[in-house]
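Asks: Handing over run.txt, compact mmCIF, C-alpha atoms.
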# COMPACT_ATOMS: atom_id res chain seq x y z
CA MET A 1 0.00 0.00 0.00
CA THR A 2 1.43 3.36 -1.03
CA GLY A 3 1.46 6.32 1.30
CA ARG A 4 -0.75 9.36 0.92
CA LEU A 5 2.27 11.50 -0.04
CA GLN A 6 4.21 8.84 -1.92
CA GLY A 7 6.91 10.31 -4.14
CA LYS A 8 6.28 13.91 -3.10
CA VAL A 9 8.90 16.37 -1.84
CA ALA A 10 8.00 18.46 1.20
CA ILE A 11 9.81 21.42 2.71
CA VAL A 12 9.02 21.72 6.42
CA THR A 13 10.32 24.81 8.21
CA GLY A 14 10.76 24.79 11.97
CA ALA A 15 11.32 21.04 11.71
CA GLY A 16 13.26 20.83 14.96
CA SER A 17 11.91 21.26 18.48
CA VAL A 18 13.00 23.05 21.64
CA GLY A 19 12.97 19.73 23.51
CA PRO A 20 12.27 16.00 23.17
CA GLY A 21 8.87 14.95 21.90
CA TRP A 22 6.34 16.05 19.34
CA GLY A 23 6.74 19.68 18.47
CA ASN A 24 4.56 20.65 15.52
CA GLY A 25 7.37 20.77 12.97
CA ARG A 26 8.97 17.51 14.06
CA ALA A 27 5.62 15.76 14.06
CA ILE A 28 4.76 17.10 10.59
CA ALA A 29 8.11 15.96 9.17
CA CYS A 30 7.73 12.48 10.65
CA ARG A 31 4.08 12.06 9.72
CA PHE A 32 4.72 13.16 6.13
CA ALA A 33 7.68 10.76 5.91
CA GLN A 34 5.50 7.90 7.16
CA GLU A 35 3.22 8.61 4.20
CA GLY A 36 6.03 8.49 1.65
CA ALA A 37 7.21 12.09 1.32
CA ARG A 38 10.86 13.02 1.06
CA ILE A 39 11.50 15.65 3.72
CA PHE A 40 13.62 18.78 3.36
CA ALA A 41 13.76 19.83 7.00
CA VAL A 42 14.71 23.41 7.88
CA ASP A 43 15.56 24.96 11.24
CA MET A 44 17.82 27.65 12.66
CA ASP A 45 19.25 25.14 15.14
CA PRO A 46 20.70 22.00 13.54
CA ASP A 47 20.87 20.26 16.92
CA ALA A 48 17.10 20.66 17.27
CA MET A 49 16.66 18.50 14.16
CA GLU A 50 18.66 15.51 15.40
CA GLU A 51 15.63 13.80 16.94
CA THR A 52 13.57 14.67 13.86
CA VAL A 53 16.11 12.99 11.60
CA ALA A 54 16.29 9.93 13.83
CA ARG A 55 12.52 9.54 13.95
CA VAL A 56 12.10 9.98 10.19
CA ARG A 57 14.77 7.36 9.51
CA GLU A 58 13.22 4.99 12.04
CA ALA A 59 10.04 5.27 10.00
CA GLY A 60 11.97 4.39 6.84
CA GLY A 61 11.77 7.92 5.46
CA GLU A 62 14.24 10.02 3.52
CA ILE A 63 15.27 13.38 4.99
CA ARG A 64 17.77 16.13 4.34
CA THR A 65 18.36 19.05 6.68
CA TRP A 66 19.20 22.69 6.11
CA GLN A 67 20.06 25.39 8.62
CA ALA A 68 18.45 28.73 7.86
CA ASP A 69 16.89 31.87 9.28
CA VAL A 70 13.59 31.97 7.38
CA THR A 71 13.12 35.67 8.10
CA SER A 72 15.93 36.30 5.57
CA SER A 73 14.92 36.37 1.90
CA ASP A 74 18.40 35.28 0.80
CA ALA A 75 18.35 32.36 3.22
CA VAL A 76 14.93 31.20 2.04
CA ARG A 77 15.98 31.52 -1.60
CA ASP A 78 19.04 29.39 -0.87
CA LEU A 79 17.16 26.66 0.99
CA VAL A 80 14.57 26.42 -1.78
CA GLN A 81 17.34 26.11 -4.36
CA ALA A 82 19.06 23.45 -2.25
CA CYS A 83 15.85 21.43 -2.18
CA MET A 84 15.52 21.76 -5.95
CA ASP A 85 19.15 20.73 -6.41
CA ALA A 86 18.57 17.67 -4.26
CA TRP A 87 15.23 16.44 -5.61
CA GLY A 88 14.25 18.57 -8.59
CA ARG A 89 10.82 19.66 -7.37
CA ILE A 90 8.79 20.93 -4.42
CA ASP A 91 5.31 19.48 -4.06
CA ILE A 92 4.51 20.64 -0.53
CA LEU A 93 5.56 23.62 1.55
CA VAL A 94 4.78 23.74 5.26
CA ASN A 95 5.50 27.13 6.84
CA ASN A 96 5.65 26.19 10.51
CA VAL A 97 8.08 28.67 12.09
CA GLY A 98 6.64 30.75 14.93
CA GLY A 99 6.77 31.70 18.58
CA SER A 100 5.10 34.13 20.96
CA ARG A 101 6.16 37.05 23.13
CA LYS A 102 4.00 38.45 25.92
CA GLY A 103 2.71 42.00 25.91
CA GLY A 104 0.09 44.35 24.51
CA PRO A 105 0.89 47.52 22.52
CA VAL A 106 2.36 49.22 25.61
CA GLY A 107 4.12 46.24 27.18
CA LEU A 108 5.65 44.89 23.94
CA ASP A 109 8.39 47.22 22.76
CA GLU A 110 8.78 48.15 19.12
CA ALA A 111 11.79 45.93 18.49
CA ALA A 112 9.92 42.92 19.91
CA TRP A 113 6.88 43.78 17.78
CA ASN A 114 9.03 43.83 14.65
CA GLN A 115 10.61 40.51 15.61
CA GLN A 116 7.21 38.91 16.15
CA ILE A 117 5.93 40.05 12.76
CA ASP A 118 9.09 38.88 11.00
CA PHE A 119 9.25 35.52 12.76
CA ASN A 120 5.58 34.61 12.50
CA LEU A 121 4.40 36.33 9.31
CA LYS A 122 7.29 37.47 7.14
CA SER A 123 8.68 33.92 7.28
CA VAL A 124 5.46 32.63 5.71
CA TYR A 125 5.48 35.35 3.05
CA LEU A 126 9.07 34.52 2.12
CA GLY A 127 8.40 30.80 1.90
CA CYS A 128 5.49 31.44 -0.44
CA ARG A 129 7.40 34.06 -2.42
CA HIS A 130 10.26 31.71 -3.28
CA VAL A 131 8.31 28.45 -3.71
CA LEU A 132 5.24 29.60 -5.64
CA PRO A 133 7.04 30.23 -8.98
CA LEU A 134 8.49 26.71 -8.85
CA MET A 135 5.13 25.12 -8.05
CA GLU A 136 3.57 27.10 -10.90
CA ALA A 137 6.25 25.92 -13.33
CA GLN A 138 5.77 22.27 -12.36
CA GLY A 139 1.98 22.47 -12.63
CA GLY A 140 0.79 22.55 -9.03
CA GLY A 141 1.49 22.04 -5.36
CA ALA A 142 0.12 22.40 -1.86
CA ILE A 143 1.03 24.93 0.82
CA VAL A 144 0.07 24.46 4.46
CA ASN A 145 0.68 27.37 6.83
CA ILE A 146 0.59 26.92 10.60
CA ALA A 147 -1.21 29.69 12.48
CA SER A 148 -2.63 29.67 16.03
CA THR A 149 -5.92 30.15 17.83
CA SER A 150 -4.34 33.38 19.09
CA GLY A 151 -4.99 34.65 15.56
CA ILE A 152 -8.75 34.19 15.93
CA ARG A 153 -9.48 34.44 19.68
CA TRP A 154 -8.17 35.80 22.97
CA THR A 155 -6.42 32.80 24.49
CA GLY A 156 -5.60 34.12 27.94
CA SER A 157 -2.47 36.20 27.45
CA ALA A 158 -1.77 39.60 25.90
CA GLN A 159 0.57 38.81 23.03
CA VAL A 160 -0.41 41.38 20.46
CA GLY A 161 2.48 40.80 18.08
CA TYR A 162 1.97 37.06 17.92
CA ALA A 163 -1.82 37.31 17.65
CA SER A 164 -1.62 39.93 14.90
CA ALA A 165 0.96 37.95 12.93
CA LYS A 166 -0.99 34.69 13.17
CA ALA A 167 -4.16 36.45 12.05
CA GLY A 168 -2.09 37.70 9.13
CA VAL A 169 -1.00 34.15 8.29
CA ILE A 170 -4.64 33.10 7.94
CA GLN A 171 -5.47 35.93 5.53
CA LEU A 172 -2.19 35.56 3.64
CA SER A 173 -3.12 31.91 3.04
CA ARG A 174 -6.52 32.86 1.64
CA VAL A 175 -5.04 35.48 -0.69
CA VAL A 176 -2.41 33.04 -1.99
CA ALA A 177 -5.05 30.33 -2.43
CA LEU A 178 -7.30 32.49 -4.56
CA GLU A 179 -4.51 34.03 -6.63
CA TYR A 180 -3.06 30.63 -7.48
CA ALA A 181 -6.15 28.42 -7.64
CA LYS A 182 -6.24 28.36 -11.45
CA LYS A 183 -2.61 27.24 -11.40
CA ASN A 184 -3.49 24.10 -9.40
CA ILE A 185 -1.79 25.35 -6.24
CA ARG A 186 -3.75 24.97 -3.03
CA CYS A 187 -3.04 26.94 0.15
CA ASN A 188 -4.66 26.26 3.54
CA THR A 189 -4.00 26.90 7.21
CA VAL A 190 -3.90 24.70 10.29
CA ILE A 191 -4.86 26.57 13.46
CA PRO A 192 -3.58 24.68 16.53
CA GLY A 193 -4.89 25.54 19.96
CA GLN A 194 -3.13 25.12 23.27
CA MET A 195 -1.22 21.95 22.52
CA HIS A 196 1.05 20.03 24.86
CA THR A 197 4.30 20.37 22.92
CA PRO A 198 7.89 20.52 24.25
CA MET A 199 7.63 24.32 24.23
CA VAL A 200 5.27 24.13 27.22
CA GLU A 201 7.96 22.69 29.48
CA VAL A 202 10.97 24.43 28.01
CA ARG A 203 9.66 27.96 27.51
CA LEU A 204 6.04 28.74 28.35
CA ALA A 205 6.00 27.47 31.93
CA GLY A 206 8.78 29.87 32.84
CA GLN A 207 7.06 32.77 31.10
CA ARG A 208 3.58 32.24 32.49
CA ALA A 209 3.57 30.00 35.58
CA GLY A 210 6.83 30.69 37.39
CA GLY A 211 8.30 27.48 35.99
CA ASP A 212 5.45 25.33 37.33
CA VAL A 213 4.62 23.06 34.37
CA GLU A 214 1.70 21.33 36.06
CA THR A 215 0.04 24.63 36.92
CA LEU A 216 0.36 25.83 33.35
CA LEU A 217 -0.97 22.55 31.96
CA ALA A 218 -3.97 22.75 34.30
CA GLN A 219 -4.67 26.34 33.20
CA ARG A 220 -4.52 25.35 29.55
CA GLN A 221 -6.61 22.22 29.99
CA ALA A 222 -9.32 24.22 31.77
CA ARG A 223 -9.93 26.11 28.51
CA ILE A 224 -10.37 22.94 26.43
CA PRO A 225 -13.79 21.22 26.25
CA LEU A 226 -12.32 17.82 25.38
CA PRO A 227 -10.91 16.03 28.45
CA PHE A 228 -7.33 15.94 27.15
CA MET A 229 -4.78 18.17 25.48
CA GLY A 230 -3.62 17.63 21.92
CA ASP A 231 0.01 17.50 20.84
CA GLY A 232 2.09 18.03 17.73
CA MET A 233 0.79 14.86 16.10
CA ASP A 234 -2.71 16.32 16.06
CA THR A 235 -1.36 19.33 14.18
CA ALA A 236 0.57 17.01 11.88
CA ASN A 237 -2.46 14.90 11.01
CA ALA A 238 -4.41 18.00 9.98
CA ALA A 239 -1.47 19.23 7.89
CA LEU A 240 -1.16 15.79 6.30
CA PHE A 241 -4.77 15.83 5.18
CA LEU A 242 -4.46 19.32 3.68
CA ALA A 243 -1.22 18.43 1.89
CA SER A 244 -2.60 15.19 0.47
CA ASP A 245 -4.71 14.58 -2.61
CA GLU A 246 -7.60 13.75 -0.29
CA ALA A 247 -7.93 17.53 0.08
CA ARG A 248 -7.74 18.19 -3.68
CA PHE A 249 -10.92 20.32 -3.61
CA ILE A 250 -10.00 22.22 -0.45
CA THR A 251 -8.26 25.57 -0.61
CA ALA A 252 -8.44 29.00 1.07
CA THR A 253 -9.70 27.50 4.31
CA GLU A 254 -8.62 26.55 7.82
CA ILE A 255 -8.71 23.50 10.08
CA VAL A 256 -8.90 24.43 13.75
CA VAL A 257 -7.20 21.84 15.97
CA ASP A 258 -8.02 22.95 19.50
CA GLY A 259 -10.34 20.47 21.21
CA GLY A 260 -13.24 22.92 20.87
CA MET A 261 -11.54 25.73 22.79
CA SER A 262 -12.18 28.55 20.32
CA ALA A 263 -15.90 27.68 20.03
CA ARG A 264 -16.74 28.27 23.69
CA CYS A 265 -17.72 31.66 25.06
CA ASP A 266 -16.07 31.64 28.52
Can you present the structure in this file as structure tokens?
Replies:
Amino acid sequence: MTGRLQGKVAIVTGAGSVGPGWGNGRAIACRFAQEGARIFAVDMDPDAMEETVARVREAGGEIRTWQADVTSSDAVRDLVQACMDAWGRIDILVNNVGGSRKGGPVGLDEAAWNQQIDFNLKSVYLGCRHVLPLMEAQGGGAIVNIASTSGIRWTGSAQVGYASAKAGVIQLSRVVALEYAKKNIRCNTVIPGQMHTPMVEVRLAGQRAGGDVETLLAQRQARIPLPFMGDGMDTANAALFLASDEARFITATEIVVDGGMSARCD
């Protein structure tokens, strides 16, 4: 039985993780590899991709890695060219890079605002900018951008830069989808909610709960109607569907992966 992405080449940015386990990018890379895709994994930190590489190879997948800052147009151009040099095509692009900083318009200084927009939104723009002409030339492709429920709802913390950028990712995806629909290029967004990824332990607990991981997890779980918290594999499964031919008639839309959190009113 062939995989759902058999023979396809997928660029996955943010393919490492800040700690062991299923970060969104690592999970997407591994899940795509399980379904037959060749993975071009990109991250600023090559060490963060070591577990990703190991897990992809354990699954029998093929993976190459590339270190890059995806807020740099030159760096994105070079990584896209490296993928083309390696495999001659790009069928799938997953723009997964992102991260939040606390603060509203007063608490978040201007430099931090600029960094949040570059990291979370400009990175997606650059990925699309450099990959779209190649997908058009080869006759089609699929782009999956990773946003956040912070882009559609208040999720409990003032993080105006992150929320604004992730809202921008959703609309950027729709604009790309409609501009390129006649060229057989689909573009959709996955909107994860408050997932239990390695970032919770490594970064968020220190920022929001004085380092108390269990307290932070309890706070996050209290917002979720389902009786458990999702993880990176839930994000990956949504991205897999949107990247696959099963979603051939789906473009300019979003899949919210949040256990029902954004639908409730309290």
Asks: Calculated over all atoms listed in the file, which of the candidates A:Ile185, A:Val169, A:Ala111, A:Ala137 has the smallest distance to Ile250 of chain A?
Replies: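 Checking each candidate against Ile250 of chain A, we get A:Ile185 as the closest.
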Asks: Find the spatial neighbours of Leu242 of chain A, counting all atoms listed in the file, within a cut-off of 7 Å - ignore same-chain residues fewer than 5 positions away - and output them as a list in words.
Replies: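 Neighbouring residues, sequence-local ones excluded: Val144, Asn188 and Ala247 of chain A.
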Asks: Pick the closest to Gly88 of chain A from A:Arg38, A:Asp109, A:Val160, A:Asn237: which is it, counting all atoms listed in the file?
Replies: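 Among A:Arg38, A:Asp109, A:Val160, A:Asn237, it is A:Arg38 that comes nearest to Gly88 of chain A.
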Asks: Hey, could you make a per-residue contact list for segment 244-265 of chain A against segment 178-184 of chain A with 10 Å as the cut-off, showing the nearest pair of atoms and its distance in Å to one decimal, counting only C-alpha atoms, sorted by chain and number, as CSV?
Replies:
residue,atom,partner,partner_atom,distance
A:Arg248,CA,A:Asn184,CA,9.3
A:Thr251,CA,A:Ala181,CA,7.9
A:Ala252,CA,A:Leu178,CA,6.7
Asks: Pick out the closest residue to Gly140 of chain A from this set: A:Asp245, A:Gln159, A:Met261, A:Val124. Count all atoms listed in the file.
Replies: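 Between A:Asp245, A:Gln159, A:Met261, A:Val124, the residue approaching Gly140 of chain A most closely is A:Asp245.
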